[in-house]
$ cat query22.cif   # mmCIF, C-alpha atoms
data_my_file
loop_
_atom_site.label_atom_id
_atom_site.label_comp_id
_atom_site.auth_asym_id
_atom_site.auth_seq_id
_atom_site.Cartn_x
_atom_site.Cartn_y
_atom_site.Cartn_z
CA MET A 272 -20.27 102.88 76.59
CA ARG A 273 -18.11 105.56 78.17
CA CYS A 274 -18.37 109.18 77.07
CA GLU A 275 -14.82 110.54 77.07
CA THR A 276 -13.61 111.33 73.57
CA ARG A 277 -17.18 111.10 72.17
CA LEU A 278 -15.70 109.47 69.08
CA VAL A 279 -16.79 106.06 67.75
CA LEU A 280 -14.79 104.31 65.04
CA ALA A 281 -16.86 102.73 62.27
CA LEU A 282 -14.77 99.66 61.51
CA ASP A 283 -15.87 99.06 57.94
CA GLU A 284 -12.88 96.87 57.28
CA THR A 285 -13.37 93.21 56.42
CA SER A 286 -9.79 92.00 56.82
CA PRO A 287 -9.45 90.74 60.41
CA SER A 288 -5.75 91.62 60.67
CA LYS A 289 -6.28 95.15 59.32
CA ALA A 290 -9.28 95.63 61.60
CA LEU A 291 -7.36 94.57 64.70
CA GLY A 292 -4.30 96.61 63.76
CA LEU A 293 -6.42 99.70 63.25
CA VAL A 294 -8.27 99.37 66.56
CA ASP A 295 -5.01 98.73 68.38
CA GLU A 296 -3.66 101.97 66.92
CA VAL A 297 -6.61 104.25 67.65
CA CYS A 298 -8.18 102.73 70.77
CA GLY A 299 -6.78 105.46 72.99
CA HIS A 300 -8.74 108.08 71.08
CA ILE A 301 -12.17 106.43 70.80
CA ASP A 302 -15.00 105.51 73.14
CA ALA A 303 -16.01 102.46 71.12
CA VAL A 304 -15.59 100.60 67.86
CA LYS A 305 -18.63 99.88 65.70
CA VAL A 306 -18.62 96.63 63.71
CA ASN A 307 -21.04 95.34 61.10
CA TRP A 308 -22.00 91.95 59.63
CA PRO A 309 -19.47 91.95 56.76
CA LEU A 310 -16.63 91.70 59.31
CA VAL A 311 -18.42 88.82 61.09
CA LEU A 312 -18.92 86.99 57.79
CA SER A 313 -15.23 87.34 56.89
CA ALA A 314 -13.61 87.04 60.33
CA GLY A 315 -16.13 84.98 62.31
CA PRO A 316 -18.09 86.10 65.37
CA GLU A 317 -15.06 85.68 67.64
CA ILE A 318 -13.72 88.95 66.22
CA ILE A 319 -16.25 90.66 68.51
CA THR A 320 -14.61 89.07 71.54
CA THR A 321 -11.11 89.91 70.34
CA LEU A 322 -12.02 93.55 69.70
CA SER A 323 -13.78 93.80 73.06
CA LEU A 324 -10.41 93.32 74.76
CA LEU A 325 -9.21 96.56 73.12
CA SER A 326 -12.33 98.73 73.15
CA ASP A 327 -16.05 98.78 73.81
CA VAL A 328 -17.74 97.14 70.82
CA ILE A 329 -21.02 98.29 69.27
CA CYS A 330 -22.58 95.63 67.03
CA ASP A 331 -24.14 97.69 64.26
CA PHE A 332 -26.27 94.79 63.13
CA LYS A 333 -29.39 96.77 62.20
CA VAL A 334 -31.38 94.03 63.94
CA ALA A 335 -34.77 93.88 62.22
CA ASP A 336 -36.56 90.61 62.80
CA ILE A 337 -39.39 89.16 64.87
CA PRO A 338 -38.97 89.42 68.66
CA ASN A 339 -37.66 85.90 69.26
CA THR A 340 -34.99 86.12 66.56
CA ASP A 341 -34.00 89.61 67.73
CA ARG A 342 -33.60 88.24 71.24
CA LEU A 343 -31.28 85.48 70.04
CA ILE A 344 -29.18 87.90 68.00
CA VAL A 345 -28.78 90.39 70.84
CA GLU A 346 -28.03 87.64 73.38
CA GLY A 347 -25.39 86.31 70.99
CA CYS A 348 -23.75 89.74 70.73
CA MET A 349 -23.65 90.17 74.49
CA GLU A 350 -22.23 86.68 75.07
CA LEU A 351 -19.47 87.49 72.58
CA GLY A 352 -18.50 90.61 74.54
CA ALA A 353 -20.34 93.47 72.83
CA SER A 354 -21.25 96.53 74.91
CA ALA A 355 -24.08 97.71 72.68
CA VAL A 356 -26.15 96.82 69.64
CA ILE A 357 -27.80 98.94 66.98
CA VAL A 358 -31.30 97.82 66.04
CA HIS A 359 -33.98 99.04 63.67
CA GLY A 360 -37.08 100.69 65.08
CA PHE A 361 -39.44 100.07 62.17
CA THR A 362 -40.04 96.45 63.28
CA GLY A 363 -42.11 97.86 66.13
CA GLU A 364 -42.31 97.96 69.88
CA ASP A 365 -42.34 94.22 70.61
CA SER A 366 -39.16 93.68 68.60
CA LEU A 367 -37.45 96.60 70.34
CA ASN A 368 -38.52 95.38 73.78
CA ALA A 369 -37.12 91.93 72.98
CA CYS A 370 -33.76 93.56 72.14
CA LEU A 371 -33.77 95.61 75.34
CA GLU A 372 -34.54 92.58 77.51
CA ALA A 373 -31.88 90.50 75.78
CA ALA A 374 -29.23 93.22 76.12
CA GLY A 375 -29.21 92.99 79.93
CA ASP A 376 -26.54 95.45 81.07
CA GLY A 377 -25.66 96.23 77.47
CA GLU A 378 -27.02 99.18 75.53
CA VAL A 379 -29.45 99.34 72.64
CA TYR A 380 -29.40 102.13 70.08
CA VAL A 381 -32.28 102.51 67.67
CA VAL A 382 -32.08 103.59 64.03
CA THR A 383 -34.77 106.22 63.53
CA GLU A 384 -34.10 106.97 59.87
CA MET A 385 -31.42 106.17 57.32
CA SER A 386 -29.22 108.71 55.59
CA HIS A 387 -28.76 107.09 52.15
CA PRO A 388 -31.10 108.22 49.33
CA GLY A 389 -33.32 105.12 49.69
CA GLY A 390 -33.77 105.98 53.35
CA GLU A 391 -36.05 108.83 52.33
CA THR A 392 -38.65 106.54 50.73
CA PHE A 393 -39.88 104.78 53.84
CA THR A 394 -37.70 105.37 56.93
CA SER A 395 -37.74 109.18 57.03
CA LYS A 396 -41.53 109.19 57.13
CA HIS A 397 -41.53 107.45 60.50
CA ALA A 398 -38.43 108.88 62.20
CA GLU A 399 -40.34 110.95 64.75
CA GLU A 400 -42.64 108.05 65.69
CA ILE A 401 -39.68 105.70 66.03
CA ALA A 402 -37.74 108.17 68.21
CA ALA A 403 -40.77 108.52 70.49
CA MET A 404 -41.14 104.74 70.64
CA ALA A 405 -37.42 104.35 71.52
CA LEU A 406 -37.86 106.82 74.38
CA GLU A 407 -40.99 105.09 75.65
CA CYS A 408 -39.39 101.63 75.55
CA GLY A 409 -36.33 102.80 77.45
CA ALA A 410 -33.71 102.46 74.71
CA HIS A 411 -30.32 103.92 75.53
CA GLY A 412 -30.13 106.09 72.47
CA ILE A 413 -30.80 106.60 68.81
CA ILE A 414 -28.77 106.83 65.61
CA ALA A 415 -29.32 110.01 63.61
CA PRO A 416 -27.41 111.27 60.57
CA ALA A 417 -24.69 113.91 60.99
CA THR A 418 -25.22 114.77 57.34
CA ARG A 419 -28.51 116.42 58.34
CA PRO A 420 -27.90 118.55 61.47
CA GLU A 421 -31.48 119.85 61.35
CA ARG A 422 -32.67 116.27 61.84
CA LEU A 423 -30.41 115.85 64.86
CA ALA A 424 -32.03 118.85 66.49
CA ALA A 425 -35.52 117.56 65.67
CA MET A 426 -34.68 114.13 67.13
CA ARG A 427 -33.15 115.68 70.27
CA ALA A 428 -36.36 117.61 70.84
CA ILE A 429 -38.26 114.30 70.90
CA ILE A 430 -35.91 112.14 72.98
CA GLY A 431 -34.99 114.78 75.58
CA SER A 432 -31.67 114.95 77.39
CA THR A 433 -31.39 111.49 78.97
CA MET A 434 -31.03 109.41 75.81
CA ARG A 435 -27.85 109.45 73.79
CA MET A 436 -27.65 110.33 70.13
CA LEU A 437 -24.95 108.74 67.94
CA SER A 438 -24.29 110.34 64.58
CA PRO A 439 -22.74 108.57 61.61
CA GLY A 440 -21.81 110.37 58.43
CA VAL A 441 -18.97 112.54 59.77
CA GLY A 442 -15.96 113.00 57.53
CA ALA A 443 -15.91 111.30 54.14
CA GLN A 444 -19.71 111.32 53.94
CA GLY A 445 -19.78 115.09 54.36
CA GLY A 446 -20.90 115.66 57.94
CA SER A 447 -18.81 117.74 60.36
CA ALA A 448 -18.06 116.54 63.89
CA ALA A 449 -18.48 120.06 65.27
CA ALA A 450 -21.81 120.60 63.49
CA ALA A 451 -23.12 117.24 64.69
CA VAL A 452 -22.15 117.87 68.31
CA ASN A 453 -23.52 121.42 68.19
CA ALA A 454 -26.81 119.99 66.84
CA GLY A 455 -27.06 117.62 69.80
CA ALA A 456 -25.02 114.49 69.03
CA ASP A 457 -23.38 112.82 72.04
CA HIS A 458 -21.04 110.73 69.92
CA VAL A 459 -19.90 111.08 66.33
CA ILE A 460 -19.21 107.95 64.31
CA VAL A 461 -16.30 108.23 61.88
CA GLY A 462 -15.06 105.58 59.47
CA ARG A 463 -13.19 106.23 56.25
CA SER A 464 -11.62 109.54 57.37
CA ILE A 465 -9.80 107.57 60.06
CA TYR A 466 -9.10 104.17 58.54
CA GLN A 467 -8.09 105.47 55.13
CA ALA A 468 -5.72 108.09 56.63
CA ASP A 469 -1.94 107.74 56.54
CA SER A 470 -1.99 108.12 60.28
CA PRO A 471 -5.34 106.91 61.67
CA ALA A 472 -4.30 107.73 65.25
CA SER A 473 -3.51 111.35 64.37
CA VAL A 474 -6.84 111.84 62.62
CA ALA A 475 -8.75 110.20 65.48
CA ARG A 476 -6.92 112.39 68.01
CA SER A 477 -7.60 115.57 66.07
CA ILE A 478 -11.34 114.78 65.76
CA ALA A 479 -11.49 114.02 69.50
CA GLU A 480 -9.71 117.33 70.19
CA GLU A 481 -12.10 119.20 67.90
CA ILE A 482 -15.04 117.79 69.87
CA SER A 483 -13.52 118.51 73.29
CA SER A 484 -12.80 122.12 72.29
CA LEU A 485 -16.46 122.90 71.56
CA MET B 241 -33.68 77.49 44.41
CA ARG B 242 -35.44 74.48 42.94
CA CYS B 243 -39.21 74.12 43.14
CA GLU B 244 -39.89 70.44 43.78
CA THR B 245 -41.33 69.86 47.23
CA ARG B 246 -42.11 73.58 47.67
CA LEU B 247 -41.09 73.22 51.31
CA VAL B 248 -38.38 75.32 52.99
CA LEU B 249 -37.07 74.40 56.43
CA ALA B 250 -36.64 77.33 58.82
CA LEU B 251 -33.56 76.20 60.73
CA ASP B 252 -34.10 78.15 63.93
CA GLU B 253 -31.69 75.94 65.78
CA THR B 254 -28.51 77.44 67.23
CA SER B 255 -26.64 74.23 68.04
CA PRO B 256 -24.44 73.46 65.01
CA SER B 257 -24.57 69.69 65.55
CA LYS B 258 -28.35 69.64 65.95
CA ALA B 259 -28.75 71.92 62.92
CA LEU B 260 -26.60 69.68 60.73
CA GLY B 261 -28.25 66.49 61.98
CA LEU B 262 -31.69 67.88 61.27
CA VAL B 263 -30.85 69.02 57.74
CA ASP B 264 -29.19 65.71 57.00
CA GLU B 265 -32.41 63.98 58.06
CA VAL B 266 -34.92 66.09 56.13
CA CYS B 267 -32.93 67.28 53.10
CA GLY B 268 -34.71 64.84 50.79
CA HIS B 269 -38.04 66.51 51.54
CA ILE B 270 -37.14 70.19 51.25
CA ASP B 271 -36.16 72.59 48.49
CA ALA B 272 -33.95 74.69 50.76
CA VAL B 273 -32.96 75.42 54.33
CA LYS B 274 -33.37 78.93 55.73
CA VAL B 275 -30.80 80.09 58.29
CA ASN B 276 -30.67 83.24 60.38
CA TRP B 277 -28.01 85.25 62.22
CA PRO B 278 -28.30 83.45 65.58
CA LEU B 279 -26.90 80.28 63.98
CA VAL B 280 -24.03 82.28 62.44
CA LEU B 281 -23.23 83.85 65.81
CA SER B 282 -23.15 80.46 67.53
CA ALA B 283 -21.69 78.27 64.79
CA GLY B 284 -19.65 80.71 62.70
CA PRO B 285 -20.27 81.68 59.06
CA GLU B 286 -18.74 78.43 57.79
CA ILE B 287 -22.01 76.70 58.80
CA ILE B 288 -23.46 78.22 55.62
CA THR B 289 -20.88 76.39 53.53
CA THR B 290 -21.37 73.12 55.40
CA LEU B 291 -25.15 73.28 55.01
CA SER B 292 -24.84 74.17 51.33
CA LEU B 293 -23.35 70.72 50.70
CA LEU B 294 -26.65 69.19 51.90
CA SER B 295 -29.25 71.64 50.60
CA ASP B 296 -29.77 75.02 48.99
CA VAL B 297 -29.28 77.64 51.71
CA ILE B 298 -31.33 80.81 52.07
CA CYS B 299 -29.67 83.38 54.33
CA ASP B 300 -32.62 84.96 56.10
CA PHE B 301 -30.53 87.90 57.24
CA LYS B 302 -33.20 90.60 56.88
CA VAL B 303 -30.51 92.76 55.30
CA ALA B 304 -31.40 96.37 56.07
CA ASP B 305 -28.44 98.70 55.73
CA ILE B 306 -27.02 101.30 53.36
CA PRO B 307 -26.22 100.04 49.84
CA ASN B 308 -22.48 99.49 50.36
CA THR B 309 -22.94 97.46 53.55
CA ASP B 310 -25.77 95.47 51.96
CA ARG B 311 -23.50 94.68 49.04
CA LEU B 312 -20.77 93.37 51.36
CA ILE B 313 -23.24 91.23 53.33
CA VAL B 314 -24.78 89.67 50.22
CA GLU B 315 -21.38 89.07 48.60
CA GLY B 316 -20.29 87.38 51.83
CA CYS B 317 -23.32 85.08 51.77
CA MET B 318 -22.73 84.09 48.16
CA GLU B 319 -19.04 83.42 48.73
CA LEU B 320 -19.96 81.15 51.62
CA GLY B 321 -22.26 79.09 49.38
CA ALA B 322 -25.73 80.54 49.90
CA SER B 323 -28.25 80.23 47.08
CA ALA B 324 -30.44 83.12 48.19
CA VAL B 325 -30.74 85.95 50.70
CA ILE B 326 -33.74 87.58 52.33
CA VAL B 327 -33.54 91.36 52.54
CA HIS B 328 -35.78 94.11 53.82
CA GLY B 329 -37.51 96.39 51.34
CA PHE B 330 -38.05 99.38 53.62
CA THR B 331 -34.46 100.56 53.14
CA GLY B 332 -35.41 101.60 49.63
CA GLU B 333 -34.58 100.98 46.02
CA ASP B 334 -30.84 101.71 46.11
CA SER B 335 -30.30 99.24 48.94
CA LEU B 336 -32.33 96.58 47.14
CA ASN B 337 -30.47 97.15 43.88
CA ALA B 338 -27.15 96.78 45.71
CA CYS B 339 -28.32 93.40 47.04
CA LEU B 340 -29.45 92.26 43.60
CA GLU B 341 -26.14 93.23 41.98
CA ALA B 342 -24.14 91.54 44.74
CA ALA B 343 -26.18 88.33 44.53
CA GLY B 344 -24.97 87.56 40.99
CA ASP B 345 -26.54 84.23 40.10
CA GLY B 346 -28.07 83.97 43.56
CA GLU B 347 -31.61 84.97 44.41
CA VAL B 348 -32.94 87.86 46.47
CA TYR B 349 -36.25 87.70 48.32
CA VAL B 350 -37.74 90.87 49.75
CA VAL B 351 -39.68 91.19 53.01
CA THR B 352 -42.76 93.24 52.23
CA GLU B 353 -44.30 93.20 55.69
CA MET B 354 -43.74 91.37 58.95
CA SER B 355 -46.23 89.06 60.63
CA HIS B 356 -45.51 89.72 64.33
CA PRO B 357 -47.73 92.29 66.13
CA GLY B 358 -45.07 95.05 65.87
CA GLY B 359 -45.00 94.49 62.12
CA GLU B 360 -48.38 96.22 61.89
CA THR B 361 -47.07 99.55 63.21
CA PHE B 362 -44.80 100.46 60.33
CA THR B 363 -44.17 97.63 57.86
CA SER B 364 -47.78 96.74 56.96
CA LYS B 365 -48.43 100.32 55.86
CA HIS B 366 -45.89 100.02 53.05
CA ALA B 367 -46.27 96.38 51.97
CA GLU B 368 -47.91 97.18 48.63
CA GLU B 369 -45.31 99.84 47.75
CA ILE B 370 -42.47 97.50 48.70
CA ALA B 371 -43.92 94.63 46.64
CA ALA B 372 -44.19 96.94 43.62
CA MET B 373 -40.61 98.12 44.17
CA ALA B 374 -39.38 94.51 44.40
CA LEU B 375 -41.05 93.75 41.08
CA GLU B 376 -39.63 96.85 39.41
CA CYS B 377 -36.08 96.16 40.67
CA GLY B 378 -36.17 92.56 39.42
CA ALA B 379 -36.10 90.75 42.75
CA HIS B 380 -36.70 87.01 42.56
CA GLY B 381 -39.51 86.97 45.04
CA ILE B 382 -41.07 88.26 48.21
CA ILE B 383 -41.76 86.96 51.70
CA ALA B 384 -45.39 87.16 52.77
CA PRO B 385 -47.04 85.70 55.88
CA ALA B 386 -48.97 82.42 55.65
CA THR B 387 -50.83 83.50 58.77
CA ARG B 388 -52.71 86.02 56.63
CA PRO B 389 -53.82 84.28 53.38
CA GLU B 390 -55.71 87.40 52.28
CA ARG B 391 -52.40 89.27 52.27
CA LEU B 392 -50.80 86.58 50.10
CA ALA B 393 -53.50 87.07 47.51
CA ALA B 394 -53.09 90.86 47.63
CA MET B 395 -49.33 90.56 47.19
CA ARG B 396 -49.72 88.08 44.32
CA ALA B 397 -51.96 90.56 42.53
CA ILE B 398 -49.12 93.12 42.68
CA ILE B 399 -46.13 90.94 41.79
CA GLY B 400 -47.79 88.92 39.02
CA SER B 401 -46.91 85.34 38.13
CA THR B 402 -43.17 85.54 37.46
CA MET B 403 -41.95 86.35 40.95
CA ARG B 404 -41.97 83.75 43.68
CA MET B 405 -43.71 84.13 47.00
CA LEU B 406 -42.31 82.40 50.09
CA SER B 407 -44.58 82.12 53.11
CA PRO B 408 -43.38 81.68 56.68
CA GLY B 409 -45.77 81.05 59.56
CA VAL B 410 -46.97 77.58 58.57
CA GLY B 411 -47.47 75.09 61.39
CA ALA B 412 -46.72 76.17 64.96
CA GLN B 413 -47.45 79.80 64.13
CA GLY B 414 -50.95 78.91 62.94
CA GLY B 415 -50.74 79.08 59.15
CA SER B 416 -51.73 76.12 56.98
CA ALA B 417 -49.55 74.92 54.10
CA ALA B 418 -52.61 74.22 51.95
CA ALA B 419 -54.16 77.62 52.64
CA ALA B 420 -50.89 79.39 51.88
CA VAL B 421 -50.40 77.54 48.60
CA ASN B 422 -54.03 78.05 47.60
CA ALA B 423 -53.59 81.78 48.32
CA GLY B 424 -50.62 81.94 45.96
CA ALA B 425 -47.50 80.90 47.87
CA ASP B 426 -44.84 79.09 45.80
CA HIS B 427 -43.00 77.81 48.86
CA VAL B 428 -44.06 77.40 52.46
CA ILE B 429 -41.50 77.91 55.20
CA VAL B 430 -41.88 75.61 58.20
CA GLY B 431 -39.77 75.55 61.34
CA ARG B 432 -40.89 74.31 64.72
CA SER B 433 -43.47 71.81 63.40
CA ILE B 434 -40.60 69.97 61.75
CA TYR B 435 -37.63 70.41 64.05
CA GLN B 436 -39.57 69.88 67.28
CA ALA B 437 -41.24 66.72 65.94
CA ASP B 438 -40.29 63.23 67.09
CA SER B 439 -39.69 62.38 63.46
CA PRO B 440 -38.77 65.54 61.55
CA ALA B 441 -38.43 63.61 58.27
CA SER B 442 -41.97 62.21 58.55
CA VAL B 443 -43.46 65.63 59.23
CA ALA B 444 -41.50 67.21 56.37
CA ARG B 445 -42.59 64.44 54.00
CA SER B 446 -46.24 64.76 54.99
CA ILE B 447 -46.23 68.55 54.46
CA ALA B 448 -44.58 68.08 51.07
CA GLU B 449 -47.22 65.47 50.19
CA GLU B 450 -50.01 67.79 51.33
CA ILE B 451 -48.66 70.49 49.01
CA SER B 452 -48.20 68.15 46.04
CA SER B 453 -51.77 66.84 46.41
CA LEU B 454 -53.33 70.28 45.96
#
$ encode --input "query22.cif" --output "structure tokens"
Amino acid sequence: MRCETRLVLALDETSPSKALGLVDEVCGHIDAVKVNWPLVLSAGPEIITTLSLLSDVICDFKVADIPNTDRLIVEGCMELGASAVIVHGFTGEDSLNACLEAAGDGEVYVVTEMSHPGGETFTSKHAEEIAAMALECGAHGIIAPATRPERLAAMRAIIGSTMRMLSPGVGAQGGSAAAAVNAGADHVIVGRSIYQADSPASVARSIAEEISSL
Amino acid sequence: MRCETRLVLALDETSPSKALGLVDEVCGHIDAVKVNWPLVLSAGPEIITTLSLLSDVICDFKVADIPNTDRLIVEGCMELGASAVIVHGFTGEDSLNACLEAAGDGEVYVVTEMSHPGGETFTSKHAEEIAAMALECGAHGIIAPATRPERLAAMRAIIGSTMRMLSPGVGAQGGSAAAAVNAGADHVIVGRSIYQADSPASVARSIAEEISSL
């Protein structure tokens, strides 16, 4: 994934036509578009290929299975045209290595902890271990919540400067793009603030400008 | 899901025609067919609907996201004709509750721990807590590995007699159907031993007979 605007669009839209229209409108202001399973279930996997003609596509599939199944999922994403996948780290090193091998030239980002309330119960307890494992396995980056800038700094201290950090939670969920970038995020992931705006392109441009001015 | 043969076919086949042919052949000997994301990526989500005309379908999607995304994934499965979904428990109570609400009349089975080597690192440490959470939230059952009968018994002691326990790992992975059922499994999940057999229907029938003779 390129690193120009440092903005990733979370495409949490399940209507294929709306999803494509939105990406067509904002693709000049984003480095990538992040899609999830609900869009695949409603639009079919070929939506990944269609979107990949407009933008880099990150399959935010929270891959969390045994190594062989993970391998098949990641290979499927890459064959469809994805540039990157997001996988869970809590399934352990062998699962993560299977994802990395299957990604080939694509990138793998690892979820270290989850930002919703239920994420505190189990995932937060292992975030540091998972970040260290992601570094050791050679993952391309991690996902860490913009809603908790202190966690971004803690994660950056573990992964060092070579791995990327992508931060969801900017905008409607309360996180600030500037705070996330200042805390060490390489890319901010924004959804509702862009796709629910009257002018998605204007909002995307202004967030990209806010980041570039830091 | 019915409880007649107590056998679930793990359909780890990514060719749509082979998948359909296999289910057509063995559907008289199984209670349900379990599908995973690789088949959806290769065949499209409509394969769920097609399979649901032959057998109950369990979407083994290891759902592991924030509550709103989980809800959309589970709703999508149910709209496509699935009877049940398999979700992770480590994403916490709010995510699990979102899955249960979205499932409506469908069933939700919770992964308590994973049987591959990497599953030991993080998931095994929380299996008991996750099983207790699944019980408290009203999940329909849990997934527990047939390769470790002592774990099945430990999980059964937590969830009591009302929740179902589904056990993968029977056959090629080393687990025995009889041992899993004797240790408390309600259903055994079998993949390769059936779909790589010369006569999948014969193998499925003999496993079902082994279970019914216990």
$ resolve_selection --input "query22.cif" --expression "the PyMOL selection byres ((chain B and resi 421) around 10)" --output "MDAnalysis selection string"
chainID B and resid 246 386 389 392 405:407 416:420 422:428 451:452 454
$ atom_distance --input "query22.cif" --atom1 "atom CA of A:Gly363" --atom2 "atom CA of A:Lys396"
14.5 Å
$ residues_around --input "query22.cif" --residues "A:Lys289" --least-positions-apart "2" --cutoff "12 Å" --atoms "all atoms listed in the file" --output "tab-separated table (two decimals) with C-alpha atoms, in the frame of the given file"
chain	number	residue	atom	x	y	z
A	282	LEU	CA	-14.77	99.66	61.51
A	283	ASP	CA	-15.87	99.06	57.94
A	284	GLU	CA	-12.88	96.87	57.28
A	285	THR	CA	-13.37	93.21	56.42
A	286	SER	CA	-9.79	92.00	56.82
A	287	PRO	CA	-9.45	90.74	60.41
A	291	LEU	CA	-7.36	94.57	64.70
A	292	GLY	CA	-4.30	96.61	63.76
A	293	LEU	CA	-6.42	99.70	63.25
A	294	VAL	CA	-8.27	99.37	66.56
A	295	ASP	CA	-5.01	98.73	68.38
A	296	GLU	CA	-3.66	101.97	66.92
A	310	LEU	CA	-16.63	91.70	59.31
A	314	ALA	CA	-13.61	87.04	60.33
A	318	ILE	CA	-13.72	88.95	66.22
A	322	LEU	CA	-12.02	93.55	69.70
A	466	TYR	CA	-9.10	104.17	58.54
A	467	GLN	CA	-8.09	105.47	55.13
$ closest_atom_pairs --input "query22.cif" --of "chain A" --to "chain B" --cutoff "8 Å" --atoms "only C-alpha atoms" --output "JSON lines"
{"residue": "A:Trp308", "atom": "CA", "partner": "B:Ile313", "partner_atom": "CA", "distance": 6.5}
{"residue": "A:Pro309", "atom": "CA", "partner": "B:Ile313", "partner_atom": "CA", "distance": 5.1}
{"residue": "A:Val311", "atom": "CA", "partner": "B:Pro285", "partner_atom": "CA", "distance": 7.7}
{"residue": "A:Leu312", "atom": "CA", "partner": "B:Pro285", "partner_atom": "CA", "distance": 5.6}
{"residue": "A:Ser313", "atom": "CA", "partner": "B:Gly316", "partner_atom": "CA", "distance": 7.2}
{"residue": "A:Gly315", "atom": "CA", "partner": "B:Gly284", "partner_atom": "CA", "distance": 5.5}
{"residue": "A:Pro316", "atom": "CA", "partner": "B:Leu281", "partner_atom": "CA", "distance": 5.6}
{"residue": "A:Lys333", "atom": "CA", "partner": "B:Ala304", "partner_atom": "CA", "distance": 6.5}
{"residue": "A:Ala335", "atom": "CA", "partner": "B:Lys302", "partner_atom": "CA", "distance": 6.5}
{"residue": "A:Asp336", "atom": "CA", "partner": "B:Lys302", "partner_atom": "CA", "distance": 6.8}
{"residue": "A:Ile337", "atom": "CA", "partner": "B:His356", "partner_atom": "CA", "distance": 6.2}
{"residue": "A:Pro338", "atom": "CA", "partner": "B:His356", "partner_atom": "CA", "distance": 7.8}
{"residue": "A:Thr340", "atom": "CA", "partner": "B:Pro278", "partner_atom": "CA", "distance": 7.3}
{"residue": "A:Leu343", "atom": "CA", "partner": "B:Pro278", "partner_atom": "CA", "distance": 5.7}
{"residue": "A:Ile344", "atom": "CA", "partner": "B:Pro278", "partner_atom": "CA", "distance": 5.1}
{"residue": "A:Gly347", "atom": "CA", "partner": "B:Leu281", "partner_atom": "CA", "distance": 6.1}
{"residue": "A:Cys348", "atom": "CA", "partner": "B:Leu281", "partner_atom": "CA", "distance": 7.7}
{"residue": "A:Phe361", "atom": "CA", "partner": "B:Phe362", "partner_atom": "CA", "distance": 5.7}
{"residue": "A:Thr362", "atom": "CA", "partner": "B:Gly359", "partner_atom": "CA", "distance": 5.5}
{"residue": "A:Gly363", "atom": "CA", "partner": "B:Gly358", "partner_atom": "CA", "distance": 4.1}
{"residue": "A:Glu364", "atom": "CA", "partner": "B:Gly358", "partner_atom": "CA", "distance": 5.7}
{"residue": "A:Asp365", "atom": "CA", "partner": "B:Gly358", "partner_atom": "CA", "distance": 5.5}
{"residue": "A:Ser366", "atom": "CA", "partner": "B:Gly358", "partner_atom": "CA", "distance": 6.7}
{"residue": "A:Met385", "atom": "CA", "partner": "B:Thr331", "partner_atom": "CA", "distance": 7.6}
{"residue": "A:His387", "atom": "CA", "partner": "B:Ile306", "partner_atom": "CA", "distance": 6.2}
{"residue": "A:Pro388", "atom": "CA", "partner": "B:Asp334", "partner_atom": "CA", "distance": 7.3}
{"residue": "A:Gly389", "atom": "CA", "partner": "B:Gly332", "partner_atom": "CA", "distance": 4.1}
{"residue": "A:Gly390", "atom": "CA", "partner": "B:Thr331", "partner_atom": "CA", "distance": 5.5}
{"residue": "A:Glu391", "atom": "CA", "partner": "B:Gly332", "partner_atom": "CA", "distance": 7.7}
{"residue": "A:Thr392", "atom": "CA", "partner": "B:Gly332", "partner_atom": "CA", "distance": 6.0}
{"residue": "A:Phe393", "atom": "CA", "partner": "B:Phe330", "partner_atom": "CA", "distance": 5.7}
{"residue": "A:Thr394", "atom": "CA", "partner": "B:Phe330", "partner_atom": "CA", "distance": 6.9}
{"residue": "A:His397", "atom": "CA", "partner": "B:Phe362", "partner_atom": "CA", "distance": 7.7}
$ closest_residue --input "query22.cif" --among "A:Leu280, A:Ala428, A:Cys370, A:Val358" --to "A:Ile413" --atoms "all atoms listed in the file"
A:Val358
$ atom_distance --input "query22.cif" --atom1 "atom CA of A:Ile414" --atom2 "atom CA of B:Val350"
24.2 Å
$ residues_around --input "query22.cif" --residues "B:Val325" --least-positions-apart "2" --cutoff "6 Å" --atoms "all atoms listed in the file" --output "PyMOL selection string"
chain B and resi 298-300+348
$ atom_distance --input "query22.cif" --atom1 "atom CA of A:Ser484" --atom2 "atom CA of A:Arg273"
18.4 Å
$ resolve_selection --input "query22.cif" --expression "the PyMOL selection byres ((chain B and resi 398) around 9)" --output "list in words"
Glu368, Ala371, Ala372, Leu375, Ala393, Ala394, Met395, Arg396, Ala397, Ile399 and Gly400 of chain B
$ resolve_selection --input "query22.cif" --expression "the PyMOL selection byres ((chain A and resi 377) around 8)" --output "ChimeraX atom specification"
/A:349,353-356,374-376,378-379
$ residues_near_point --input "query22.cif" --point "(-7.0, 107.3, 70.9)" --cutoff "12 Å" --atoms "only C-alpha atoms" --output "PyMOL selection string"
chain A and resi 275-280+293-304+325-326+465+470-480
